[in-house]
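Chemist: Sharing a structure here in structure tokens format.
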Amino acid sequence: MVLDVNWAVKWLTLCAQAMAEHRVELIELDRAIGDSDHGENMDRGFQAVLDKLAEAPPATPGAALKLAAMTLMSKVGGAAGPLYGTAFLRAAGTMGDAAEIDPAGWAAAVSAARDGIVARGKAEPGDKTMVDAWAPAADAAKAAADTGGPEVLSVLVAAAEAAEAGAVATDPLVARKGRASYLGERSAGHRDPGAASSALILRAAVGAAA
Amino acid sequence: MVLDVNWAVKWLTLCAQAMAEHRVELIELDRAIGDSDHGENMDRGFQAVLDKLAEAPPATPGAALKLAAMTLMSKVGGAAGPLYGTAFLRAAGTMGDAAEIDPAGWAAAVSAARDGIVARGKAEPGDKTMVDAWAPAADAAKAAADTGGPEVLSVLVAAAEAAEAGAVATDPLVARKGRASYLGERSAGHRDPGAASSALILRAAVGAAA
Amino acid sequence: MKKLINDPKSVVDESVQGFGLAHADLVTVSTDPTFIRRLDAPVSGKVALVSGGGSGHEPLHAGFVGKGMLDAAVPGAVFTSPTPDQILPATLAVDSGAGVVHIVKNYTGDVLNFETAAELAEAEGISIRTVLVNDDVAVEDSLYTAGRRGVGGTVLVEKIAGAAAERGDDLDTVASTASRVNANVRSMGVALSACTVPHAGTPSFDLAEDEVEIGIGIHGEPGRHRIPLESADAITDRLLEPVLSDLGISRGDRVLLFVNGMGGTPLSELYIVYRRAAQVLADRGAVVERSLVGNYITALEMQGCSISVLRLDDELTELWDAPVHTAALRWGA
Amino acid sequence: MKKLINDPKSVVDESVQGFGLAHADLVTVSTDPTFIRRLDAPVSGKVALVSGGGSGHEPLHAGFVGKGMLDAAVPGAVFTSPTPDQILPATLAVDSGAGVVHIVKNYTGDVLNFETAAELAEAEGISIRTVLVNDDVAVEDSLYTAGRRGVGGTVLVEKIAGAAAERGDDLDTVASTASRVNANVRSMGVALSACTVPHAGTPSFDLAEDEVEIGIGIHGEPGRHRIPLESADAITDRLLEPVLSDLGISRGDRVLLFVNGMGGTPLSELYIVYRRAAQVLADRGAVVERSLVGNYITALEMQGCSISVLRLDDELTELWDAPVHTAALRWGA
Ligand SMILES: Nc1ncnc2c1ncn2[C@@H]1O[C@H](COP(=O)(O)OP(=O)(O)O)[C@@H](O)[C@H]1O
Ligand SMILES: Nc1ncnc2c1ncn2[C@@H]1O[C@H](COP(=O)(O)OP(=O)(O)O)[C@@H](O)[C@H]1O
Ligand SMILES: [Mg+2]
Ligand SMILES: [Mg+2]
Ligand SMILES: [Mg+2]
Ligand SMILES: [Mg+2]
């Protein structure tokens with residue numbers, strides 16, 4: 001398995017599928033501590049990404065991610081739109097014109113995505129945001145790439161699992177950024193919707209390579 | 001038993017009691033085919049009558065009814081206010097300055113009340129309005145006064161029973177006057193609130209004499 | 001029942017007091033009996049306009065007191081017409097000697113109470129003209145019924161007659177202009193939910209989650225029939241069709257299109273209804289020359305709307321455009 | 001879910017289209033991307049004001065486009081901030097060369113999307129000033145949080161900054177006037193019921209029949225805490241107290257009192273709240289010089305209200321009184 005443009009397109013396609021499938025669930029999560037739109041926004045955004053992919057098929061993984069970034073930025077809105085837009089743009093930046101991404105490349109992409117989100121949103125780990133999915137994912141991907149062999153799947157899996165664990169770990173947290181922060185202590189006991197959608201995205205990256 | 005000013009004051013007092021007791025029931029009847037205010041309006045109106053009676057105790061039955069008429073007119077509002085106002089005013093008119101009302105006098109008062117309501121509201125029997133209580137009451141009172149002896153209670157009872165039967169008989173009717181008429185056929189199957197309150201008023205007249 | 005109130009019995013008084021405090025530059029509030037009058041009434045030489053009715057339809061009528069519209073508004077209890085002992089002093093307070101037009105929505109209670117007040121006012125030497133508003137096509141108009149109700153058209157009658165009075169038209173002219181507006185306006189409404197009268201405490205009717213009530217009035221009374229919930233466009237068509245056919249709207253007619261909220265419907269939904277209604281009118285070749293969209297004659301927190309169409313001519317348009325300065329309708333001033 | 005809509009996905013587009021049809025004398029509606037602009041924008045030599053945010057708060061912001069207020073409004077999906085590819089063309093469309101002020105309610109999404117649009121606009125040579133509105137005292141203001149939300153104060157910022165721009169103030173002056181309004185206004189809200197986002201289909205939170213939510217925002221997000229339903233006066237006191245103490249209102253202060261409906265509350269109830277708030281302010285020796293009561297910044301059909309108090313000075317009062325001609329706020333024109 002290599003992470004080429006076909007993988008990238010499949011990844012984005014699986015992201016769109018995941019958002020459609022989990023639309024209601026993400027709306028429910030956002031209903032509890034936000035404004036009930038996260039699932040709708042992500043679904044709308046990734047459907048638009050599919051349309052764009054069909055219109056102008058990209059030549060490289062980096063081009064695919066850049067296309068996703070621009071589309072999410074212009075179609076998602078809310079907090080998630082600019083944050084995911086920046087994440088995908090920074091990740092695309094690490095890929096340049098490369099035809100294939102290796103384990104270290106994936107780790108670099110996830111790190112860049114995390115850095116982009118932090119740069120835009122100024123959230124720290126523990127603030128109960130999507131950073132709580134991307135930060136452990138970036139760390140796990142790097143650790144897997146550093147220690148593992150040339151097998152890229154294990155790096156994808158490491159990132160996805162860490163993101164999933166990170167999302168679950170937001171449950172008890174009190175939000176300090178984003179709309180959930182208005183709830184103060186009442187935000188505890190609910191999963192952060194952005195962390196949940198982030199885990200879906202990183203899990204889709206695994207699925208695309210399977 | 002004579003129908004003197006004490007009876008008249010007691011009658012109005014029992015009316016106020018009846019409206020307070022049946023306030024919710026009259027609201028419910030009006031909710032079904034009107035605008036949910038009849039019980040509230042009648043309660044407010046007769047409470048005001050009590051206040052006025054305390055302020056300026058009347059000297060004759062006619063004066064008591066005139067006081068009630070003016071107060072209902074100025075405190076009830078809606079359709080019922082002017083209709084009951086007119087009814088009591090016309091009834092008072094038949095009594096003049098008399099200290100006591102005899103059976104024929106009561107029959108005349110009820111007839112005048114009915115005529116007043118018809119003159120103001122232009123409803124005919126069968127239109128599903130308070131006329132459907134007052135018209136049979138007037139007829140029954142007259143019949144009882146014509147045929148009966150000097151016992152006034154039986155005339156009061158005849159009017160009350162006829163009004164009660166008349167109110168019940170509005171159940172299947174389709175309203176042609178008042179707010180219930182907007183419902184057309186859907187007004188059938190519900191008792192007219194004004195006929196119901198009319199029956200309470202005429203029943204109170206019996207209670208005051210008991 | 002969940003309301004921002006202190007006591008069901010004090011709703012009208014406290015609300016009117018708040019209104020008076022918020023709009024002290026426009027109106028004076030009288031208590032005992034309760035009515036709201038234009039600050040500078042009686043306006044010398046001007047025909048005065050008095051309207052009123054049950055409360056719960058806010059901003060109607062108090063919100064329309066001011067320059068170019070009403071001289072006084074007389075609020076009754078919630079959904080209960082006011083009494084003559086309120087209407088008479090309001091009438092006396094605003095008459096400048098030029099006479100007073102009573103604008104009365106056609107409900108038995110309103111008609112009877114205004115009738116009595118008019119008689120009493122005439123007895124005091126004031127000339128009264130009564131104009132009944134009965135624009136609701138949901139109700140069958142027949143000699144044997146209470147007749148059509150006054151609904152959305154009331155706002156348009158008050159605005160246009162108010163402008164006529166403001167420019168100095170005499171009593172009969174103002175009254176006949178008001179009647180002309182009434183003759184040229186038709187309305188019909190829909191409810192998605194009932195409303196709760198404060199003293200009643202329970203919703204005015206029960207409606208299933210997938211039902212709407214077509215042909216409702218403004219008192220939480222049930223409508224003519226109940227249908228399953230439909231799209232906004234389909235409901236708009238249902239309301240508009242009887243309005244247009246009763247008015248006999250044809251190609252080239254100039255109209256004012258008024259989409260009114262019943263109190264609990266977001267403005268965004270009213271604009272969705274407006275969009276469809278405007279399209280239908282355009283398809284029929286009618287020209288929508290003026291429009292009004294918002295909550296102007298309501299039924300407490302009822303969800304729903306009504307559509308009114310007024311056939312315009314040059315004079316009605318000019319009077320509609322004339323300056324108005326009230327709490328709820330204001331332009332050119 | 002019961003709404004007067006055709007399809008949850010088309011709510012914003014169709015509503016904006018209806019708005020454009022109803023107010024063709026005031027605005028032009030652009031579709032793809034969607035924004036609403038003043039008919040005569042760009043106004044030569046005038047600083048332009050652009051605002052926007054999620055839909056569902058109508059009449060905010062489209063209802064405030066026109067002379068003396070906004071030059072463009074950019075609506076996002078319901079409760080979702082608009083995207084830079086809407087904000088940028090709106091900004092370009094209304095800039096006359098004098099620069100553009102972005103009025104942004106302080107929500108992460110709005111801030112980030114307007115930030116990006118501002119960068120892109122600056123790259124095209126347009127001078128941008130961004131003014132954040134954050135008047136909601138229900139939210140703790142701390143460096144470690146997203147900060148206070150922008151709520152009712154937004155309407156006042158837009159009106160007053162709009163008047164400053166209309167009279168010819170330059171970019172920095174308009175921006176600093178807007179900031180000054182923001183610095184002098186505080187708000188707090190209550191919900192009696194939740195609202196239902198069309199695409200979600202279920203109420204945004206669950207509230208028992210005898211509970212109210214204190215400190216709600218305008219997005220159907222739950223508030224700070226829940227209490228048993230109280231009288232309107234008690235609730236008013238709860239909302240007003242933190243507003244006044246945070247503002248430091250003291251004897252002799254001149255204020256504008258704004259009671260805003262969340263969309264599903266009858267106007268009569270807003271006036272009951274206004275009455276109490278005015279009494280409390282009078283008791284404290286503050287002078288209520290101006291007032292605003294109505295549904296101006298809403299959360300769909302939510303029942304509830306917010307109270308905003310703005311400390312006035314001569315200049316702010318003059319700018320408040322200056323003519324404004326928009327769909328939702330109009331005077332002197
Ligand atoms: N400052 C921030 N930094 C990182 N992530 C954030 C920040 N603010 C919000 N988020 C993320 O955005 C998610 C909400 O997205 P969404 O519901 O689409 O936007 P909105 O809050 O504008 O409605 C949150 O669950 C959180 O993960
Ligand atoms: N034209 C009429 N003639 C006689 N009675 C009428 C007429 N119209 C209405 N009513 C009576 O008035 C009652 C309603 O009174 P109420 O609810 O107080 O007034 P409203 O209909 O104005 O709310 C009806 O039940 C009916 O009995
Ligand atoms: Mg959200
Ligand atoms: Mg009634
Ligand atoms: Mg009534
Ligand atoms: Mg949102």
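Lettering and numbering for the structure tokens are positional, with chains as A, B, ... in the shown order, residues counted from 1 in each chain, and ligands counted from 1 in the shown order.
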Ligand 4: which residues are within 7 Å, counting only C-alpha atoms and all ligand atoms? Reply as a list in words.

Modeler: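 Taking only C-alpha atoms and all ligand atoms into account, the residues around ligand 4 at most 7 Å away are Asp30, Gly34, Asp35, Ser36, Asp37, His38 and Gly78 of chain B; Thr80 of chain C.
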
Chemist: Could you write out as a PyMOL selection string the residues of chain A within 6 Å of chain D, counting only C-alpha atoms?

Modeler: chain A and resi 31+34-35+74+77-79+176-178+182-183

Chemist: Deliver the residues from the most recent selection as a file, using N, CA, C and O atoms, as an mmCIF file, in the first residue's frame.

Modeler:
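Contents of the output file result.cif:
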```cif
data_model
loop_
_atom_site.group_PDB
_atom_site.id
_atom_site.type_symbol
_atom_site.label_atom_id
_atom_site.label_comp_id
_atom_site.auth_asym_id
_atom_site.auth_seq_id
_atom_site.Cartn_x
_atom_site.Cartn_y
_atom_site.Cartn_z
ATOM 1 N N ARG A 31 -25.443 19.604 19.810
ATOM 2 C CA ARG A 31 -26.669 20.062 20.464
ATOM 3 C C ARG A 31 -26.455 20.133 21.977
ATOM 4 O O ARG A 31 -26.902 21.070 22.642
ATOM 5 N N GLY A 34 -23.282 22.798 22.227
ATOM 6 C CA GLY A 34 -23.040 23.825 21.216
ATOM 7 C C GLY A 34 -24.329 24.237 20.575
ATOM 8 O O GLY A 34 -25.333 24.399 21.250
ATOM 9 N N ASP A 35 -24.325 24.369 19.254
ATOM 10 C CA ASP A 35 -25.473 24.935 18.576
ATOM 11 C C ASP A 35 -26.026 24.041 17.471
ATOM 12 O O ASP A 35 -26.634 24.529 16.514
ATOM 13 N N SER A 74 -14.474 27.264 2.328
ATOM 14 C CA SER A 74 -15.543 28.078 1.731
ATOM 15 C C SER A 74 -16.930 27.461 1.889
ATOM 16 O O SER A 74 -17.916 28.103 1.540
ATOM 17 N N GLY A 77 -18.025 26.889 7.067
ATOM 18 C CA GLY A 77 -18.393 27.974 7.972
ATOM 19 C C GLY A 77 -18.174 27.576 9.414
ATOM 20 O O GLY A 77 -17.575 26.534 9.714
ATOM 21 N N GLY A 78 -18.687 28.397 10.331
ATOM 22 C CA GLY A 78 -18.533 28.120 11.750
ATOM 23 C C GLY A 78 -17.071 28.062 12.152
ATOM 24 O O GLY A 78 -16.180 28.490 11.405
ATOM 25 N N ALA A 79 -16.816 27.514 13.326
ATOM 26 C CA ALA A 79 -15.439 27.387 13.791
ATOM 27 C C ALA A 79 -14.716 26.297 13.013
ATOM 28 O O ALA A 79 -13.545 26.426 12.662
ATOM 29 N N ARG A 176 -12.732 25.156 27.417
ATOM 30 C CA ARG A 176 -12.197 26.501 27.615
ATOM 31 C C ARG A 176 -12.126 27.296 26.312
ATOM 32 O O ARG A 176 -11.787 28.464 26.312
ATOM 33 N N LYS A 177 -12.424 26.634 25.202
ATOM 34 C CA LYS A 177 -12.443 27.336 23.916
ATOM 35 C C LYS A 177 -13.695 26.922 23.151
ATOM 36 O O LYS A 177 -14.308 25.892 23.449
ATOM 37 N N GLY A 178 -14.052 27.738 22.183
ATOM 38 C CA GLY A 178 -15.209 27.414 21.357
ATOM 39 C C GLY A 178 -16.512 27.637 22.108
ATOM 40 O O GLY A 178 -16.542 28.087 23.263
ATOM 41 N N TYR A 182 -18.948 28.458 26.837
ATOM 42 C CA TYR A 182 -19.991 29.289 27.470
ATOM 43 C C TYR A 182 -20.726 28.523 28.554
ATOM 44 O O TYR A 182 -21.339 29.109 29.436
ATOM 45 N N LEU A 183 -20.666 27.192 28.456
ATOM 46 C CA LEU A 183 -21.388 26.367 29.418
ATOM 47 C C LEU A 183 -20.627 26.186 30.720
ATOM 48 O O LEU A 183 -21.179 25.705 31.701
#
```

Chemist: Could you tell me how far CA of Gln17 (chain C) lies from CA of Val74 (chain C), in Å and to one decimal?

Modeler: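 Taking CA of Gln17 (chain C) as the start and CA of Val74 (chain C) as the end point, the length is 13.4 Å.
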
Chemist: Would you work out the distance separating CA of Pro89 (chain C) from CA of Leu49 (chain C), expressed in Å to one decimal?

Modeler: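 Calculated distance between CA of Pro89 (chain C) and CA of Leu49 (chain C) is 13.4 Å.
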
Chemist: Tell me which of D:Gly264, D:Pro323, D:Gly125, D:Gly152 sits closest to chain C, counting only C-alpha atoms.

Modeler: D:Gly264

Chemist: Tell me which protein, DNA and RNA residues are within 9 Å of Ala165 (chain B), counting only C-alpha atoms, leaving out same-chain ones fewer than 3 positions away, and put them as a short mmCIF file (atom, residue, chain, number, x, y, z; two decimals) with N, CA, C and O atoms, in the first residue's frame.

Modeler:
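Written out: result.cif:
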```cif
data_model
loop_
_atom_site.label_atom_id
_atom_site.label_comp_id
_atom_site.auth_asym_id
_atom_site.auth_seq_id
_atom_site.Cartn_x
_atom_site.Cartn_y
_atom_site.Cartn_z
N ALA B 133 -80.70 29.56 25.98
CA ALA B 133 -81.05 29.35 27.38
C ALA B 133 -82.19 30.30 27.78
O ALA B 133 -83.14 29.90 28.45
N PRO B 136 -86.16 29.59 26.09
CA PRO B 136 -86.99 28.60 26.80
C PRO B 136 -87.26 29.01 28.24
O PRO B 136 -88.35 28.73 28.78
N ALA B 160 -85.10 28.20 35.53
CA ALA B 160 -83.76 27.62 35.65
C ALA B 160 -83.68 26.28 34.92
O ALA B 160 -82.72 26.02 34.18
N GLU B 161 -84.73 25.46 35.12
CA GLU B 161 -84.68 24.14 34.47
C GLU B 161 -84.73 24.26 32.95
O GLU B 161 -84.02 23.54 32.24
N ALA B 162 -85.54 25.18 32.48
CA ALA B 162 -85.62 25.37 31.03
C ALA B 162 -84.29 25.88 30.48
O ALA B 162 -83.83 25.47 29.40
N VAL B 168 -78.01 22.52 27.49
CA VAL B 168 -77.63 21.17 27.06
C VAL B 168 -77.98 20.97 25.59
O VAL B 168 -77.23 20.36 24.83
N ALA B 169 -79.12 21.52 25.19
CA ALA B 169 -79.59 21.33 23.82
C ALA B 169 -78.73 22.07 22.80
O ALA B 169 -78.87 21.85 21.59
N THR B 170 -77.84 22.93 23.25
CA THR B 170 -76.95 23.59 22.28
C THR B 170 -75.85 22.65 21.81
O THR B 170 -75.20 22.91 20.80
N ALA B 199 -77.52 29.56 32.26
CA ALA B 199 -78.17 28.58 33.12
C ALA B 199 -77.71 28.74 34.57
O ALA B 199 -78.52 28.63 35.51
#
```

Chemist: When you draw a straight line from CA of Val9 (chain A) to CA of Leu153 (chain A), how long is it in Å?

Modeler: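 Between CA of Val9 (chain A) and CA of Leu153 (chain A) the gap works out to 16.5 Å.
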
Chemist: Give me, as a VMD selection string, the contact residues of chain C against chain D at a cut-off of 7 Å, counting only C-alpha atoms.

Modeler: chain C and resid 2 4 to 6 14 to 15 17 to 19 21 to 22 58 to 59 192 231 to 233 263 to 269 271 to 272 274 to 275 291 300 to 301 330 to 333

Chemist: To test your reading of the structure, identify every residue in region 12-247 of chain D that backbone DSSP assigns to strand (DSSP E or B), and report it as a PyMOL selection string.

Modeler: chain D and resi 27-30+35-38+48-55+65+67+70+72-78+100-105+128-133+136+185-191+196+203+211-214+225-228

Chemist: Name the residues of region 2-154 of chain D that come out as alpha helix (DSSP H) in a backbone DSSP run; write them as a ChimeraX atom specification.

Modeler: /D:11-22,84-94,108-123,153-154

Chemist: Put those residues in a file: N, CA and C atoms, as a CSV table (one decimal), in the first residue's frame.

Modeler:
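This is the output file again-v5.csv:
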```
chain,number,residue,atom,x,y,z
D,11,VAL,N,-33.6,26.9,3.5
D,11,VAL,CA,-34.2,28.0,4.4
D,11,VAL,C,-33.5,29.3,4.2
D,12,VAL,N,-32.2,29.3,4.2
D,12,VAL,CA,-31.5,30.6,4.2
D,12,VAL,C,-31.7,31.2,2.8
D,13,ASP,N,-31.5,30.5,1.7
D,13,ASP,CA,-31.6,31.0,0.4
D,13,ASP,C,-32.9,31.6,0.1
D,14,GLU,N,-34.0,30.8,0.4
D,14,GLU,CA,-35.3,31.3,0.1
D,14,GLU,C,-35.7,32.5,1.0
D,15,SER,N,-35.3,32.4,2.2
D,15,SER,CA,-35.6,33.6,3.1
D,15,SER,C,-35.0,34.8,2.6
D,16,VAL,N,-33.7,34.7,2.2
D,16,VAL,CA,-33.0,35.9,1.7
D,16,VAL,C,-33.6,36.4,0.4
D,17,GLN,N,-34.0,35.4,-0.5
D,17,GLN,CA,-34.7,35.8,-1.7
D,17,GLN,C,-36.0,36.6,-1.4
D,18,GLY,N,-36.8,36.1,-0.5
D,18,GLY,CA,-38.0,36.8,-0.1
D,18,GLY,C,-37.7,38.2,0.5
D,19,PHE,N,-36.6,38.2,1.3
D,19,PHE,CA,-36.2,39.5,1.8
D,19,PHE,C,-35.9,40.5,0.7
D,20,GLY,N,-35.2,40.0,-0.3
D,20,GLY,CA,-34.8,40.8,-1.4
D,20,GLY,C,-36.0,41.3,-2.2
D,21,LEU,N,-37.0,40.4,-2.4
D,21,LEU,CA,-38.2,40.8,-3.1
D,21,LEU,C,-39.0,41.8,-2.3
D,22,ALA,N,-39.1,41.6,-1.0
D,22,ALA,CA,-39.9,42.6,-0.2
D,22,ALA,C,-39.2,43.9,0.0
D,84,PRO,N,-15.4,32.9,4.3
D,84,PRO,CA,-14.6,34.0,3.7
D,84,PRO,C,-15.0,34.2,2.2
D,85,ASP,N,-15.4,33.2,1.5
D,85,ASP,CA,-15.8,33.4,0.1
D,85,ASP,C,-17.1,34.1,0.0
D,86,GLN,N,-17.8,34.3,1.1
D,86,GLN,CA,-19.0,35.2,1.0
D,86,GLN,C,-18.6,36.6,1.5
D,87,ILE,N,-17.8,36.6,2.6
D,87,ILE,CA,-17.5,37.9,3.3
D,87,ILE,C,-16.6,38.8,2.3
D,88,LEU,N,-15.7,38.1,1.6
D,88,LEU,CA,-14.8,38.9,0.8
D,88,LEU,C,-15.5,39.6,-0.3
D,89,PRO,N,-16.3,38.9,-1.2
D,89,PRO,CA,-17.1,39.7,-2.2
D,89,PRO,C,-18.0,40.7,-1.7
D,90,ALA,N,-18.6,40.5,-0.5
D,90,ALA,CA,-19.5,41.5,0.1
D,90,ALA,C,-18.7,42.7,0.4
D,91,THR,N,-17.5,42.5,1.0
D,91,THR,CA,-16.6,43.6,1.3
D,91,THR,C,-16.2,44.4,0.1
D,92,LEU,N,-15.8,43.6,-1.0
D,92,LEU,CA,-15.4,44.3,-2.2
D,92,LEU,C,-16.5,45.1,-2.8
D,93,ALA,N,-17.7,44.5,-2.7
D,93,ALA,CA,-18.9,45.1,-3.4
D,93,ALA,C,-19.2,46.5,-2.8
D,94,VAL,N,-18.9,46.7,-1.5
D,94,VAL,CA,-19.4,47.9,-0.9
D,94,VAL,C,-18.3,48.9,-0.6
D,108,THR,N,-16.0,32.1,18.0
D,108,THR,CA,-14.8,31.5,17.3
D,108,THR,C,-15.0,31.5,15.8
D,109,GLY,N,-16.1,30.9,15.4
D,109,GLY,CA,-16.4,30.8,13.9
D,109,GLY,C,-16.4,32.1,13.2
D,110,ASP,N,-17.2,33.0,13.8
D,110,ASP,CA,-17.3,34.4,13.1
D,110,ASP,C,-15.9,35.0,13.1
D,111,VAL,N,-15.2,35.0,14.2
D,111,VAL,CA,-13.9,35.6,14.3
D,111,VAL,C,-13.0,35.0,13.2
D,112,LEU,N,-12.9,33.7,13.1
D,112,LEU,CA,-11.9,33.1,12.2
D,112,LEU,C,-12.3,33.4,10.8
D,113,ASN,N,-13.6,33.3,10.4
D,113,ASN,CA,-13.9,33.5,9.0
D,113,ASN,C,-13.8,34.9,8.6
D,114,PHE,N,-14.2,35.9,9.5
D,114,PHE,CA,-14.0,37.3,9.1
D,114,PHE,C,-12.5,37.6,9.1
D,115,GLU,N,-11.7,37.0,10.0
D,115,GLU,CA,-10.2,37.2,10.0
D,115,GLU,C,-9.6,36.9,8.6
D,116,THR,N,-10.0,35.7,8.1
D,116,THR,CA,-9.5,35.2,6.8
D,116,THR,C,-9.9,36.2,5.7
D,117,ALA,N,-11.2,36.6,5.8
D,117,ALA,CA,-11.7,37.5,4.7
D,117,ALA,C,-11.0,38.8,4.8
D,118,ALA,N,-10.7,39.3,6.0
D,118,ALA,CA,-10.1,40.6,6.1
D,118,ALA,C,-8.7,40.5,5.5
D,119,GLU,N,-8.0,39.4,5.8
D,119,GLU,CA,-6.6,39.3,5.2
D,119,GLU,C,-6.7,39.3,3.7
D,120,LEU,N,-7.7,38.6,3.2
D,120,LEU,CA,-7.8,38.5,1.7
D,120,LEU,C,-8.2,39.9,1.2
D,121,ALA,N,-9.0,40.6,1.9
D,121,ALA,CA,-9.4,41.9,1.4
D,121,ALA,C,-8.2,42.9,1.5
D,122,GLU,N,-7.5,42.8,2.6
D,122,GLU,CA,-6.3,43.7,2.7
D,122,GLU,C,-5.3,43.4,1.6
D,123,ALA,N,-5.2,42.1,1.2
D,123,ALA,CA,-4.3,41.7,0.1
D,123,ALA,C,-4.8,42.4,-1.2
D,153,GLY,N,-26.0,43.9,22.0
D,153,GLY,CA,-25.2,45.1,21.8
D,153,GLY,C,-24.9,45.3,20.3
D,154,THR,N,-24.9,44.1,19.6
D,154,THR,CA,-24.5,44.2,18.1
D,154,THR,C,-25.4,45.2,17.4
```
